[in-house]
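K.L.:
Handing over input_33.txt, compact mmCIF, C-alpha atoms and all ligand atoms.
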# COMPACT_ATOMS: atom_id res chain seq x y z
CA MET A 1363 2.71 52.09 77.83
CA SER A 1364 3.80 53.55 74.51
CA LEU A 1365 6.86 55.74 74.11
CA ILE A 1366 4.58 58.76 73.69
CA GLU A 1367 2.78 57.99 76.95
CA ASP A 1368 6.13 57.59 78.71
CA LEU A 1369 7.28 60.94 77.35
CA GLN A 1370 4.05 62.54 78.54
CA TRP A 1371 4.58 61.00 82.00
CA ARG A 1372 8.12 62.29 82.41
CA TYR A 1373 8.98 65.81 83.41
CA ALA A 1374 12.09 67.62 84.55
CA THR A 1375 11.75 66.65 88.20
CA LYS A 1376 12.50 69.51 90.56
CA LYS A 1377 12.30 67.64 93.86
CA MET A 1378 13.34 64.03 94.36
CA ASN A 1379 12.60 61.86 97.40
CA GLY A 1380 15.97 60.14 97.87
CA ASN A 1381 14.76 56.64 96.94
CA THR A 1382 17.19 54.35 95.16
CA VAL A 1383 16.89 53.33 91.52
CA PRO A 1384 17.39 49.53 91.21
CA GLN A 1385 20.60 48.48 89.45
CA LYS A 1386 18.62 46.74 86.67
CA LYS A 1387 16.82 49.94 85.76
CA LEU A 1388 20.03 51.95 85.93
CA ASP A 1389 21.74 49.44 83.63
CA TYR A 1390 18.85 49.70 81.16
CA ILE A 1391 19.11 53.49 81.06
CA LEU A 1392 22.90 53.34 80.58
CA GLU A 1393 22.51 50.75 77.82
CA ALA A 1394 20.11 53.03 75.96
CA ALA A 1395 22.68 55.83 76.27
CA ARG A 1396 25.42 53.51 74.98
CA LEU A 1397 23.34 52.43 71.98
CA ALA A 1398 22.78 56.00 70.76
CA PRO A 1399 23.96 56.79 67.26
CA SER A 1400 26.80 59.29 66.81
CA SER A 1401 28.46 61.02 63.90
CA SER A 1402 30.72 58.50 62.10
CA GLY A 1403 30.12 56.17 65.06
CA LEU A 1404 32.87 57.87 67.04
CA GLN A 1405 30.91 57.98 70.32
CA PRO A 1406 33.11 60.84 71.48
CA TYR A 1407 31.72 60.88 75.01
CA GLN A 1408 31.50 58.86 78.20
CA VAL A 1409 29.08 58.66 81.09
CA PHE A 1410 30.19 58.95 84.72
CA VAL A 1411 27.78 57.37 87.21
CA ILE A 1412 27.90 58.95 90.64
CA ALA A 1413 26.22 57.46 93.69
CA ASN A 1414 28.37 59.00 96.39
CA LYS A 1415 26.86 61.70 98.61
CA GLY A 1416 30.27 63.35 99.15
CA VAL A 1417 30.81 63.77 95.41
CA GLN A 1418 27.14 64.72 94.93
CA GLU A 1419 27.55 67.51 97.53
CA LYS A 1420 30.54 68.86 95.62
CA LEU A 1421 28.63 68.71 92.34
CA LYS A 1422 25.55 70.39 93.83
CA ALA A 1423 27.70 73.32 94.98
CA VAL A 1424 28.74 74.00 91.37
CA ALA A 1425 25.29 73.28 89.93
CA TRP A 1426 23.31 76.23 91.23
CA ASN A 1427 22.67 74.25 94.43
CA GLN A 1428 20.00 72.25 92.65
CA SER A 1429 18.60 69.83 95.22
CA GLN A 1430 18.07 67.01 92.72
CA ILE A 1431 21.83 66.44 92.62
CA ILE A 1432 21.85 65.37 96.25
CA ASP A 1433 18.36 63.78 96.39
CA ALA A 1434 19.00 61.74 93.26
CA SER A 1435 19.73 58.06 93.50
CA HIS A 1436 22.38 58.38 90.79
CA VAL A 1437 23.85 61.36 89.01
CA LEU A 1438 25.00 60.77 85.44
CA VAL A 1439 27.58 63.15 84.03
CA PHE A 1440 27.89 63.06 80.26
CA ALA A 1441 31.43 64.11 79.30
CA ALA A 1442 32.60 64.61 75.73
CA TRP A 1443 36.06 64.50 74.17
CA ASP A 1444 37.88 67.83 74.41
CA GLY A 1445 38.78 67.49 70.73
CA TYR A 1446 39.40 64.98 67.96
CA SER A 1447 42.78 63.54 66.97
CA GLU A 1448 43.93 61.09 64.36
CA GLU A 1449 44.80 58.72 67.18
CA ARG A 1450 41.33 58.91 68.76
CA ILE A 1451 39.64 58.36 65.39
CA ASP A 1452 41.99 55.48 64.52
CA THR A 1453 41.32 53.77 67.84
CA VAL A 1454 37.55 53.78 67.26
CA PHE A 1455 37.76 52.59 63.66
CA ASN A 1456 40.33 49.90 64.43
CA LYS A 1457 38.10 48.56 67.20
CA THR A 1458 35.11 48.53 64.86
CA MET A 1459 37.06 46.72 62.12
CA ASP A 1460 38.36 44.19 64.66
CA GLN A 1461 34.83 43.44 65.85
CA ARG A 1462 33.65 43.09 62.25
CA GLY A 1463 36.61 40.92 61.26
CA LEU A 1464 37.82 43.42 58.66
CA PRO A 1465 41.33 44.78 58.03
CA HIS A 1466 42.15 48.13 59.72
CA THR A 1467 42.68 49.68 56.28
CA THR A 1468 39.05 49.06 55.21
CA MET A 1469 37.92 52.61 55.97
CA THR A 1470 41.19 54.53 55.64
CA ASP A 1471 39.77 56.88 52.98
CA TYR A 1472 36.75 57.70 55.11
CA LYS A 1473 38.93 58.28 58.19
CA ASN A 1474 41.22 60.58 56.20
CA THR A 1475 38.20 62.49 54.92
CA ILE A 1476 36.73 63.15 58.36
CA TRP A 1477 40.08 64.05 59.94
CA GLY A 1478 40.77 66.30 56.91
CA MET A 1479 37.47 68.05 57.70
CA TYR A 1480 37.78 68.22 61.49
CA GLU A 1481 41.46 69.14 61.92
CA PRO A 1482 41.30 72.63 60.32
CA LEU A 1483 38.15 73.49 62.28
CA GLY A 1484 40.15 73.58 65.51
CA GLN A 1485 39.81 72.10 68.95
CA ASP A 1486 36.93 74.32 70.14
CA TRP A 1487 34.79 73.34 67.16
CA GLN A 1488 35.75 69.70 67.67
CA ALA A 1489 34.77 69.81 71.36
CA GLN A 1490 31.43 71.37 70.41
CA HIS A 1491 30.85 68.70 67.78
CA ALA A 1492 31.65 65.97 70.30
CA ALA A 1493 29.29 67.60 72.82
CA LYS A 1494 26.47 67.55 70.25
CA GLN A 1495 26.89 63.79 69.98
CA ALA A 1496 26.61 63.48 73.76
CA TYR A 1497 23.20 65.22 73.61
CA ILE A 1498 21.83 62.40 71.44
CA SER A 1499 22.91 59.80 74.00
CA PHE A 1500 21.46 62.01 76.74
CA GLY A 1501 18.09 62.07 74.95
CA MET A 1502 18.07 58.29 74.72
CA ALA A 1503 18.80 58.03 78.46
CA ILE A 1504 15.93 60.41 79.23
CA ALA A 1505 13.49 58.34 77.17
CA ALA A 1506 14.76 55.06 78.69
CA ALA A 1507 14.38 56.45 82.20
CA ALA A 1508 10.77 57.40 81.41
CA GLU A 1509 10.14 53.90 80.09
CA GLN A 1510 11.49 52.47 83.37
CA LYS A 1511 9.33 54.91 85.37
CA VAL A 1512 12.47 56.47 86.76
CA ASP A 1513 12.34 60.21 87.16
CA ALA A 1514 15.10 62.30 85.65
CA THR A 1515 16.22 65.89 85.60
CA PRO A 1516 18.22 66.90 82.55
CA MET A 1517 20.67 69.63 83.55
CA GLU A 1518 22.89 72.17 81.90
CA GLY A 1519 22.76 74.36 84.98
CA PHE A 1520 26.29 73.82 86.27
CA VAL A 1521 29.77 75.23 85.84
CA PRO A 1522 31.49 72.77 83.49
CA ASP A 1523 35.06 73.72 84.46
CA LYS A 1524 34.27 73.03 88.13
CA VAL A 1525 32.63 69.69 87.35
CA ASP A 1526 35.68 68.79 85.25
CA GLU A 1527 37.88 69.58 88.24
CA ILE A 1528 35.79 67.51 90.69
CA LEU A 1529 35.78 64.47 88.39
CA GLY A 1530 39.33 64.90 87.06
CA LEU A 1531 38.07 65.10 83.49
CA ASN A 1532 40.86 67.30 82.06
CA GLU A 1533 43.41 64.53 82.64
CA LYS A 1534 41.18 62.19 80.64
CA GLY A 1535 40.80 64.60 77.70
CA LEU A 1536 37.11 65.11 78.52
CA LYS A 1537 34.78 68.03 79.26
CA SER A 1538 31.52 67.77 81.15
CA VAL A 1539 28.53 68.58 78.95
CA LEU A 1540 25.36 67.46 80.70
CA ILE A 1541 24.07 66.06 83.97
CA LEU A 1542 21.15 63.68 84.32
CA ALA A 1543 19.89 63.25 87.88
CA LEU A 1544 18.01 59.95 88.28
CA GLY A 1545 15.63 59.17 91.11
CA TYR A 1546 12.02 59.44 92.13
CA ARG A 1547 9.74 62.45 92.33
CA ASP A 1548 8.73 63.87 95.71
CA GLU A 1549 5.11 64.47 94.71
CA ALA A 1550 4.19 66.44 97.83
CA ASN A 1551 7.03 68.92 97.44
CA ASP A 1552 7.60 69.26 93.70
CA TRP A 1553 5.96 72.42 92.33
CA LEU A 1554 6.17 71.11 88.77
CA VAL A 1555 4.65 67.67 89.22
CA ASN A 1556 1.06 68.58 88.33
CA MET A 1557 1.74 71.36 85.84
CA LYS A 1558 0.58 70.91 82.27
CA LYS A 1559 3.27 69.85 79.83
CA VAL A 1560 3.65 72.67 77.32
CA ARG A 1561 5.09 72.20 73.85
CA THR A 1562 5.06 74.09 70.56
CA PRO A 1563 1.79 73.20 68.77
CA LYS A 1564 2.17 70.65 65.95
CA GLU A 1565 1.19 73.17 63.28
CA GLU A 1566 4.09 75.42 64.30
CA PHE A 1567 6.51 72.60 65.01
CA ILE A 1568 6.07 70.65 61.78
CA THR A 1569 6.31 72.01 58.27
CA GLU A 1570 5.19 69.57 55.63
CA LEU A 1571 6.41 69.95 52.10
CA SER A 1572 4.68 67.58 49.73
C1 LIG A 1601 19.75 70.34 77.92
C2 LIG A 1601 18.81 70.63 79.04
C3 LIG A 1601 19.24 71.33 80.14
C4 LIG A 1601 18.38 71.55 81.23
N1 LIG A 1601 18.87 72.11 82.39
C5 LIG A 1601 18.07 72.11 83.50
C6 LIG A 1601 18.61 72.42 84.78
O1 LIG A 1601 19.78 72.73 84.95
N2 LIG A 1601 17.76 72.37 85.85
C7 LIG A 1601 16.44 72.00 85.74
O2 LIG A 1601 15.74 71.94 86.76
N3 LIG A 1601 15.92 71.70 84.53
C8 LIG A 1601 16.70 71.73 83.43
N4 LIG A 1601 16.18 71.35 82.20
C9 LIG A 1601 14.76 70.98 82.11
C10 LIG A 1601 13.95 71.84 81.15
O3 LIG A 1601 13.68 73.09 81.70
C11 LIG A 1601 12.69 71.07 80.81
O4 LIG A 1601 13.05 69.87 80.17
C12 LIG A 1601 11.75 71.84 79.88
O5 LIG A 1601 11.26 72.98 80.52
C13 LIG A 1601 10.59 70.98 79.41
O6 LIG A 1601 9.86 70.50 80.51
P1 LIG A 1601 9.68 68.95 80.84
O7 LIG A 1601 11.03 68.31 80.69
O8 LIG A 1601 9.22 68.95 82.27
O9 LIG A 1601 8.71 68.38 79.90
C14 LIG A 1601 17.03 71.14 81.14
C15 LIG A 1601 16.60 70.45 80.00
C16 LIG A 1601 17.47 70.16 78.97
C17 LIG A 1601 16.99 69.35 77.81
Can you give me the file's structure in the form of structure tokens?
Ligand SMILES: Cc1cc2nc3c(=O)[nH]c(=O)nc-3n(C[C@H](O)[C@H](O)[C@H](O)COP(=O)(O)O)c2cc1C

P.N.:
Amino acid sequence: MSLIEDLQWRYATKKMNGNTVPQKKLDYILEAARLAPSSSGLQPYQVFVIANKGVQEKLKAVAWNQSQIIDASHVLVFAAWDGYSEERIDTVFNKTMDQRGLPHTTMTDYKNTIWGMYEPLGQDWQAQHAAKQAYISFGMAIAAAAEQKVDATPMEGFVPDKVDEILGLNEKGLKSVLILALGYRDEANDWLVNMKKVRTPKEEFITELS
């Protein structure tokens, strides 16, 4: 199947059947998320993989009681940095230089430029910027799940502060941004399964300037 066919197949599953996603498919989805591009390559986010009904119950309670959280095989929580710091930026660049066999000073000017830009914009802006990067990774995971014929529900419908509390994210300098429930559709009980996929028509979506 082509990527387009996979994207037509997927939908934001409303009712899952509790079946388990094989580890190999889960790993594939997580690898796609890990390979996502991010601004300056900072990857200012992490993914928490939850397959624990006790934790899933707690998450469901702060996620509008959405049943997918408990019926999912795995619940992915995408959590972004709560802000940037010189130390966080240095750590990423130093690791990159180490892996490329280059001196840590190779990109000092670039690092100073981005920190010079980000610092005055404040922590709220920085957290928002980090969250935007997490959305790109999230999109990759959604597409990879579709390719693996794993159903997924992308979710913003939760109280981030409560999720942060449940997963202890504050202590890690992270904030929850998105949830992706992974599992399999319950065809008999999902009201959305046979509904037409509706998108903005191409003529409205695309503006060509040539
Ligand atoms: C960032 C984001 C947040 C969403 N939050 C929820 C959610 O909390 N619960 C839910 O059932 N669907 C949620 N959705 C699903 C959208 O409603 C759905 O993707 C959209 O209507 C398009 O339909 P489709 O994904 O079935 O093609 C979310 C989607 C995205 C991308």

K.L.:
Record the distance separating atom C4 of ligand LIG 1601 (chain A) and CA of Gly1445 (chain A), expressed in Å with one decimal.

P.N.:
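Taking atom C4 of ligand LIG 1601 (chain A) and CA of Gly1445 (chain A), their separation equals 23.3 Å.
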
K.L.:
So how many Å separate CA of Asn1532 (chain A) and CA of Arg1450 (chain A), to one decimal?

P.N.:
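Separation between CA of Asn1532 (chain A) and CA of Arg1450 (chain A): 15.7 Å.
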
K.L.:
What are the centre and edge lengths in Å, to one decimal, of the axis-aligned box around all listed atoms of region 1533-1537 of chain A with 4 Å added on each side, as lines of an AutoDock Vina configuration file?

P.N.:
center_x = 39.1
center_y = 65.1
center_z = 80.2
size_x = 16.6
size_y = 13.8
size_z = 12.9

K.L.:
I'd like the interatomic distance between CA of Glu1527 (chain A) and CA of Ser1400 (chain A), to a tenth of an Å.

P.N.:
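Value for the CA of Glu1527 (chain A)-CA of Ser1400 (chain A) distance: 26.2 Å.
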
K.L.:
Could you check which of A:Asp1452, A:Glu1566, A:Asp1444, A:Glu1509 is closest to Gln1408 (chain A), using only C-alpha atoms?

P.N.:
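Using only C-alpha atoms, Gln1408 (chain A) sits closest to A:Asp1444.
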
K.L.:
With only C-alpha atoms and all ligand atoms counted, collect every polymer residue having an atom within 6 Å of ligand LIG 1601 (chain A); state the result as an MDAnalysis selection string.

P.N.:
chainID A and resid 1373:1374 1376 1515:1519 1559

K.L.:
Out of A:Met1469, A:Ile1431, A:Ala1423, A:Met1502, which residue has the shortest atom-to-atom distance to Leu1365 (chain A) when counting only C-alpha atoms?

P.N.:
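Selected residue with least distance to Leu1365 (chain A): A:Met1502.
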
K.L.:
Taking into account only C-alpha atoms, which residue in the set A:Gln1510, A:Gln1370, A:Gln1488, A:Asn1456 is nearest to Gln1385 (chain A)?

P.N.:
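For Gln1385 (chain A), the nearest of the given residues is A:Gln1510.
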
K.L.:
Near Ala1550 (chain A), counting all atoms listed in the file, which residues have an atom at most 12 Å away, once you skip same-chain residues fewer than 4 positions from it, shown as a PyMOL selection string?

P.N.:
chain A and resi 1376-1379+1546+1554-1556

K.L.:
Show me the residues close to (24.3, 61.9, 76.9) - anything with an atom within 8 Å, counting only C-alpha atoms - and format the list as an NGL selection string.

P.N.:
:A and (1395 or 1407-1409 or 1439-1441 or 1495-1503 or 1540)

K.L.:
Counting only C-alpha atoms, which residue out of A:Leu1421, A:Val1560, A:Val1411, A:Leu1483 sits closest to Ile1391 (chain A)?

P.N.:
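Closest to Ile1391 (chain A), using only C-alpha atoms: A:Val1411.
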
K.L.:
Taking the point (25.9, 74.3, 91.6) as given in the file, collect each protein or nucleic acid residue that comes within 12 Å of it, counting all atoms listed in the file, and present the set as a PyMOL selection string.

P.N.:
chain A and resi 1418-1432+1517-1525+1541

K.L.:
May I ask which of the residues A:His1466, A:Val1417, A:Glu1549, A:Met1363 is the closest one to Gly1530 (chain A), counting all atoms listed in the file?

P.N.:
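Closest candidate: A:Val1417.
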
K.L.:
Could you check which of A:Gly1545, A:Gly1463, A:Pro1563, A:Pro1399 is closest to Asp1513 (chain A), using all atoms listed in the file?

P.N.:
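For Asp1513 (chain A), the nearest of the given residues is A:Gly1545.
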
K.L.:
Which residues are close to region 1382-1384 of chain A, i.e. within 9 Å by only C-alpha atoms, leaving aside same-chain residues fewer than 6 positions away? Reply as an NGL selection string.

P.N.:
:A and (1434-1436 or 1512 or 1544-1546)
